[in-house]
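J.: Structure below; questions to follow.
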Amino acid sequence: MDLTDLLKMGASAIQGNSDDATTGLDSDIISNALGNLLGGENGGIDLGSLVSGLSENGLGSIVGSWLGSGENESISLDSITDLLGADKVSEFASNLGLTEESAKGALADVLPNMVDKASEGEGSLIEDLLSGIGGAEGAMGMLGKMFR
């Protein structure tokens, strides 16, 4: 799945979530807001930001479940802010004309599946990004160090 498809999937999930505030939003605007929120310099998901959010906030097991092949753990609204940063969440909310609470709810609904889909199979978006830190083994080593 390429980044454009991933962002469209995320936009569709946000439009279809249980929050009435997100139902009428334009999918292209949501895709752009997600791309701005999660984007890295190379046009993919900024795994470095996610990993730093993990190490600083003890969220390694949650995001680790998103990267693994098992069931994705849910993330609380407060943890969304811890993971991404209040400024990014606020900017995302502003870009979509949402309250920060609605924006956090939308992100909590969509991020586990987006990261999960981005990490599936050979040549995945996250696999390409992981190559810069020694592949999946390097990432797992980094996660292991966080839990010592």
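Residues in the structure tokens are numbered from 1 in each chain, the chains being A, B, ... in the order shown, and ligands are numbered from 1 in the order shown.
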Give me the residues near Ser31 in chain A as a list in words, where near means some atom within 6 Å (using only C-alpha atoms) and where sequence neighbours in that chain fewer than 4 positions away do not count.

T.: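 Final neighbour list, sorted by chain and number: Leu7, Lys8 and Ala11 of chain A.
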
J.: What's the separation between CA of Asp116 in chain A and CA of Trp66 in chain A, in Å to one decimal place?

T.: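 Between CA of Asp116 in chain A and CA of Trp66 in chain A the gap is 4.8 Å.
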
J.: Give me the residues within 8 Å of Val110 in chain A as an mmCIF file with N, CA and C atoms, in the first residue's frame, counting only C-alpha atoms and dropping any in the same chain fewer than 2 places off.

T.:
```cif
data_model
loop_
_atom_site.group_PDB
_atom_site.id
_atom_site.type_symbol
_atom_site.label_atom_id
_atom_site.label_comp_id
_atom_site.auth_asym_id
_atom_site.auth_seq_id
_atom_site.Cartn_x
_atom_site.Cartn_y
_atom_site.Cartn_z
ATOM 1 N N GLY A 10 -7.146 6.255 5.686
ATOM 2 C CA GLY A 10 -7.320 6.984 6.939
ATOM 3 C C GLY A 10 -8.429 8.007 6.858
ATOM 4 N N ALA A 13 -11.791 6.280 7.012
ATOM 5 C CA ALA A 13 -12.084 5.820 8.369
ATOM 6 C C ALA A 13 -12.521 6.984 9.253
ATOM 7 N N ILE A 14 -11.881 8.133 9.093
ATOM 8 C CA ILE A 14 -12.262 9.304 9.886
ATOM 9 C C ILE A 14 -13.670 9.766 9.503
ATOM 10 N N ALA A 106 -10.583 11.031 16.382
ATOM 11 C CA ALA A 106 -10.393 10.552 15.011
ATOM 12 C C ALA A 106 -9.038 9.878 14.864
ATOM 13 N N LEU A 107 -8.005 10.475 15.436
ATOM 14 C CA LEU A 107 -6.658 9.907 15.344
ATOM 15 C C LEU A 107 -6.544 8.599 16.119
ATOM 16 N N ALA A 108 -7.183 8.528 17.290
ATOM 17 C CA ALA A 108 -7.166 7.291 18.072
ATOM 18 C C ALA A 108 -7.866 6.165 17.313
ATOM 19 N N PRO A 112 -3.976 3.286 14.692
ATOM 20 C CA PRO A 112 -3.569 1.874 14.784
ATOM 21 C C PRO A 112 -3.668 1.147 13.441
ATOM 22 N N ASN A 113 -4.744 1.357 12.714
ATOM 23 C CA ASN A 113 -4.910 0.675 11.429
ATOM 24 C C ASN A 113 -3.982 1.223 10.360
ATOM 25 N N MET A 114 -3.740 2.535 10.374
ATOM 26 C CA MET A 114 -2.836 3.114 9.375
ATOM 27 C C MET A 114 -1.419 2.580 9.548
#
```

J.: Grab the CA of Leu96 in chain A to CA of Ile29 in chain A distance for me, in Å with one decimal place.

T.: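 Between CA of Leu96 in chain A and CA of Ile29 in chain A the gap is 7.2 Å.
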
J.: Under the rule that only C-alpha atoms are counted, which of A:Leu3, A:Leu59, A:Ala118, A:Leu37 is the nearest residue to Ala86 in chain A?

T.: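 The shortest atom-to-atom distance to Ala86 in chain A comes from A:Leu37.
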
J.: Enter the distance from CA of Gly58 in chain A to CA of Thr99 in chain A, in Å, rounded to one decimal.

T.: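 Computed distance, CA of Gly58 in chain A to CA of Thr99 in chain A, equals 25.9 Å.
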
J.: Could you find all residues in range 44-110 of chain A that DSSP calls helix (DSSP H, G or I) from the backbone, and write them as an mmCIF file with N, CA and C atoms, in the first residue's frame?

T.:
```cif
data_model
loop_
_atom_site.group_PDB
_atom_site.id
_atom_site.type_symbol
_atom_site.label_atom_id
_atom_site.label_comp_id
_atom_site.auth_asym_id
_atom_site.auth_seq_id
_atom_site.Cartn_x
_atom_site.Cartn_y
_atom_site.Cartn_z
ATOM 1 N N LEU A 47 8.502 7.723 10.910
ATOM 2 C CA LEU A 47 8.666 6.725 11.956
ATOM 3 C C LEU A 47 9.515 7.255 13.101
ATOM 4 N N GLY A 48 10.472 8.121 12.805
ATOM 5 C CA GLY A 48 11.323 8.685 13.844
ATOM 6 C C GLY A 48 10.531 9.425 14.902
ATOM 7 N N SER A 49 9.534 10.190 14.471
ATOM 8 C CA SER A 49 8.685 10.909 15.432
ATOM 9 C C SER A 49 7.877 9.944 16.275
ATOM 10 N N LEU A 50 7.347 8.901 15.635
ATOM 11 C CA LEU A 50 6.594 7.914 16.402
ATOM 12 C C LEU A 50 7.487 7.225 17.428
ATOM 13 N N VAL A 51 8.692 6.850 17.010
ATOM 14 C CA VAL A 51 9.605 6.169 17.923
ATOM 15 C C VAL A 51 10.009 7.086 19.069
ATOM 16 N N SER A 52 10.258 8.365 18.780
ATOM 17 C CA SER A 52 10.616 9.275 19.873
ATOM 18 C C SER A 52 9.431 9.476 20.801
ATOM 19 N N GLY A 53 8.220 9.516 20.255
ATOM 20 C CA GLY A 53 7.025 9.601 21.094
ATOM 21 C C GLY A 53 6.884 8.384 21.982
ATOM 22 N N LEU A 54 7.294 7.237 21.458
ATOM 23 C CA LEU A 54 7.257 6.009 22.241
ATOM 24 C C LEU A 54 8.218 6.073 23.416
ATOM 25 N N SER A 55 9.450 6.438 23.115
ATOM 26 C CA SER A 55 10.477 6.410 24.152
ATOM 27 C C SER A 55 10.212 7.444 25.236
ATOM 28 N N GLU A 56 9.658 8.570 24.848
ATOM 29 C CA GLU A 56 9.421 9.624 25.821
ATOM 30 C C GLU A 56 8.171 9.382 26.661
ATOM 31 N N ASN A 57 7.248 8.567 26.163
ATOM 32 C CA ASN A 57 5.951 8.465 26.821
ATOM 33 C C ASN A 57 5.520 7.052 27.172
ATOM 34 N N GLY A 60 5.500 2.160 23.893
ATOM 35 C CA GLY A 60 6.116 1.168 23.018
ATOM 36 C C GLY A 60 5.270 -0.062 22.778
ATOM 37 N N SER A 61 4.623 -0.584 23.818
ATOM 38 C CA SER A 61 3.829 -1.802 23.628
ATOM 39 C C SER A 61 2.619 -1.539 22.749
ATOM 40 N N ILE A 62 2.052 -0.341 22.847
ATOM 41 C CA ILE A 62 0.885 -0.009 22.025
ATOM 42 C C ILE A 62 1.283 0.063 20.560
ATOM 43 N N VAL A 63 2.267 0.874 20.246
ATOM 44 C CA VAL A 63 2.650 1.025 18.846
ATOM 45 C C VAL A 63 3.304 -0.257 18.340
ATOM 46 N N GLY A 64 3.984 -0.986 19.221
ATOM 47 C CA GLY A 64 4.539 -2.277 18.837
ATOM 48 C C GLY A 64 3.451 -3.234 18.361
ATOM 49 N N SER A 65 2.271 -3.163 18.992
ATOM 50 C CA SER A 65 1.163 -4.019 18.547
ATOM 51 C C SER A 65 0.670 -3.608 17.162
ATOM 52 N N TRP A 66 0.801 -2.335 16.834
ATOM 53 C CA TRP A 66 0.385 -1.863 15.512
ATOM 54 C C TRP A 66 1.340 -2.382 14.438
ATOM 55 N N LEU A 67 2.610 -2.505 14.794
ATOM 56 C CA LEU A 67 3.622 -2.965 13.844
ATOM 57 C C LEU A 67 3.627 -4.481 13.707
ATOM 58 N N LEU A 77 -7.119 8.983 24.177
ATOM 59 C CA LEU A 77 -7.028 10.338 23.632
ATOM 60 C C LEU A 77 -5.836 11.089 24.207
ATOM 61 N N ASP A 78 -5.581 10.915 25.494
ATOM 62 C CA ASP A 78 -4.428 11.585 26.105
ATOM 63 C C ASP A 78 -3.115 11.054 25.523
ATOM 64 N N SER A 79 -3.078 9.760 25.239
ATOM 65 C CA SER A 79 -1.863 9.175 24.672
ATOM 66 C C SER A 79 -1.612 9.634 23.244
ATOM 67 N N ILE A 80 -2.678 9.980 22.512
ATOM 68 C CA ILE A 80 -2.512 10.551 21.165
ATOM 69 C C ILE A 80 -1.700 11.841 21.273
ATOM 70 N N THR A 81 -2.043 12.665 22.244
ATOM 71 C CA THR A 81 -1.306 13.914 22.456
ATOM 72 C C THR A 81 0.124 13.615 22.865
ATOM 73 N N ASP A 82 0.317 12.630 23.755
ATOM 74 C CA ASP A 82 1.669 12.250 24.176
ATOM 75 C C ASP A 82 2.490 11.753 22.994
ATOM 76 N N LEU A 83 1.869 10.969 22.116
ATOM 77 C CA LEU A 83 2.574 10.366 20.995
ATOM 78 C C LEU A 83 2.951 11.392 19.935
ATOM 79 N N LEU A 84 1.996 12.249 19.575
ATOM 80 C CA LEU A 84 2.201 13.167 18.449
ATOM 81 C C LEU A 84 2.612 14.574 18.854
ATOM 82 N N ALA A 86 1.147 18.041 21.399
ATOM 83 C CA ALA A 86 -0.029 18.911 21.440
ATOM 84 C C ALA A 86 -0.086 19.850 20.243
ATOM 85 N N ASP A 87 1.062 20.363 19.811
ATOM 86 C CA ASP A 87 1.073 21.293 18.676
ATOM 87 C C ASP A 87 0.573 20.628 17.406
ATOM 88 N N LYS A 88 1.031 19.401 17.152
ATOM 89 C CA LYS A 88 0.611 18.694 15.935
ATOM 90 C C LYS A 88 -0.872 18.344 15.987
ATOM 91 N N VAL A 89 -1.342 17.928 17.148
ATOM 92 C CA VAL A 89 -2.761 17.595 17.289
ATOM 93 C C VAL A 89 -3.605 18.853 17.092
ATOM 94 N N SER A 90 -3.159 19.954 17.660
ATOM 95 C CA SER A 90 -3.870 21.221 17.508
ATOM 96 C C SER A 90 -3.908 21.673 16.054
ATOM 97 N N GLU A 91 -2.787 21.541 15.366
ATOM 98 C CA GLU A 91 -2.725 21.907 13.952
ATOM 99 C C GLU A 91 -3.644 21.016 13.113
ATOM 100 N N PHE A 92 -3.651 19.721 13.406
ATOM 101 C CA PHE A 92 -4.523 18.780 12.707
ATOM 102 C C PHE A 92 -5.981 19.183 12.908
ATOM 103 N N ALA A 93 -6.351 19.481 14.156
ATOM 104 C CA ALA A 93 -7.725 19.905 14.458
ATOM 105 C C ALA A 93 -8.079 21.181 13.705
ATOM 106 N N SER A 94 -7.170 22.133 13.713
ATOM 107 C CA SER A 94 -7.399 23.407 13.031
ATOM 108 C C SER A 94 -7.558 23.213 11.526
ATOM 109 N N ASN A 95 -6.712 22.376 10.931
ATOM 110 C CA ASN A 95 -6.793 22.112 9.490
ATOM 111 C C ASN A 95 -8.138 21.530 9.085
ATOM 112 N N LEU A 96 -8.779 20.810 9.998
ATOM 113 C CA LEU A 96 -10.053 20.169 9.692
ATOM 114 C C LEU A 96 -11.249 20.908 10.280
ATOM 115 N N GLU A 100 -10.214 19.934 19.381
ATOM 116 C CA GLU A 100 -9.081 19.038 19.630
ATOM 117 C C GLU A 100 -9.562 17.673 20.110
ATOM 118 N N GLU A 101 -10.659 17.646 20.861
ATOM 119 C CA GLU A 101 -11.202 16.377 21.339
ATOM 120 C C GLU A 101 -11.651 15.496 20.165
ATOM 121 N N SER A 102 -12.337 16.085 19.197
ATOM 122 C CA SER A 102 -12.758 15.333 18.005
ATOM 123 C C SER A 102 -11.555 14.876 17.193
ATOM 124 N N ALA A 103 -10.557 15.740 17.081
ATOM 125 C CA ALA A 103 -9.353 15.381 16.333
ATOM 126 C C ALA A 103 -8.635 14.216 17.009
ATOM 127 N N LYS A 104 -8.497 14.255 18.328
ATOM 128 C CA LYS A 104 -7.836 13.161 19.045
ATOM 129 C C LYS A 104 -8.628 11.869 18.899
ATOM 130 N N GLY A 105 -9.958 11.966 18.959
ATOM 131 C CA GLY A 105 -10.790 10.778 18.781
ATOM 132 C C GLY A 105 -10.616 10.171 17.400
ATOM 133 N N ALA A 106 -10.583 11.031 16.382
ATOM 134 C CA ALA A 106 -10.393 10.552 15.011
ATOM 135 C C ALA A 106 -9.038 9.878 14.864
ATOM 136 N N LEU A 107 -8.005 10.475 15.436
ATOM 137 C CA LEU A 107 -6.658 9.907 15.344
ATOM 138 C C LEU A 107 -6.544 8.599 16.119
ATOM 139 N N ALA A 108 -7.183 8.528 17.290
ATOM 140 C CA ALA A 108 -7.166 7.291 18.072
ATOM 141 C C ALA A 108 -7.866 6.165 17.313
ATOM 142 N N ASP A 109 -8.894 6.514 16.538
ATOM 143 C CA ASP A 109 -9.598 5.512 15.736
ATOM 144 C C ASP A 109 -8.757 5.022 14.568
ATOM 145 N N VAL A 110 -8.014 5.934 13.926
ATOM 146 C CA VAL A 110 -7.398 5.620 12.641
ATOM 147 C C VAL A 110 -5.920 5.237 12.711
#
```
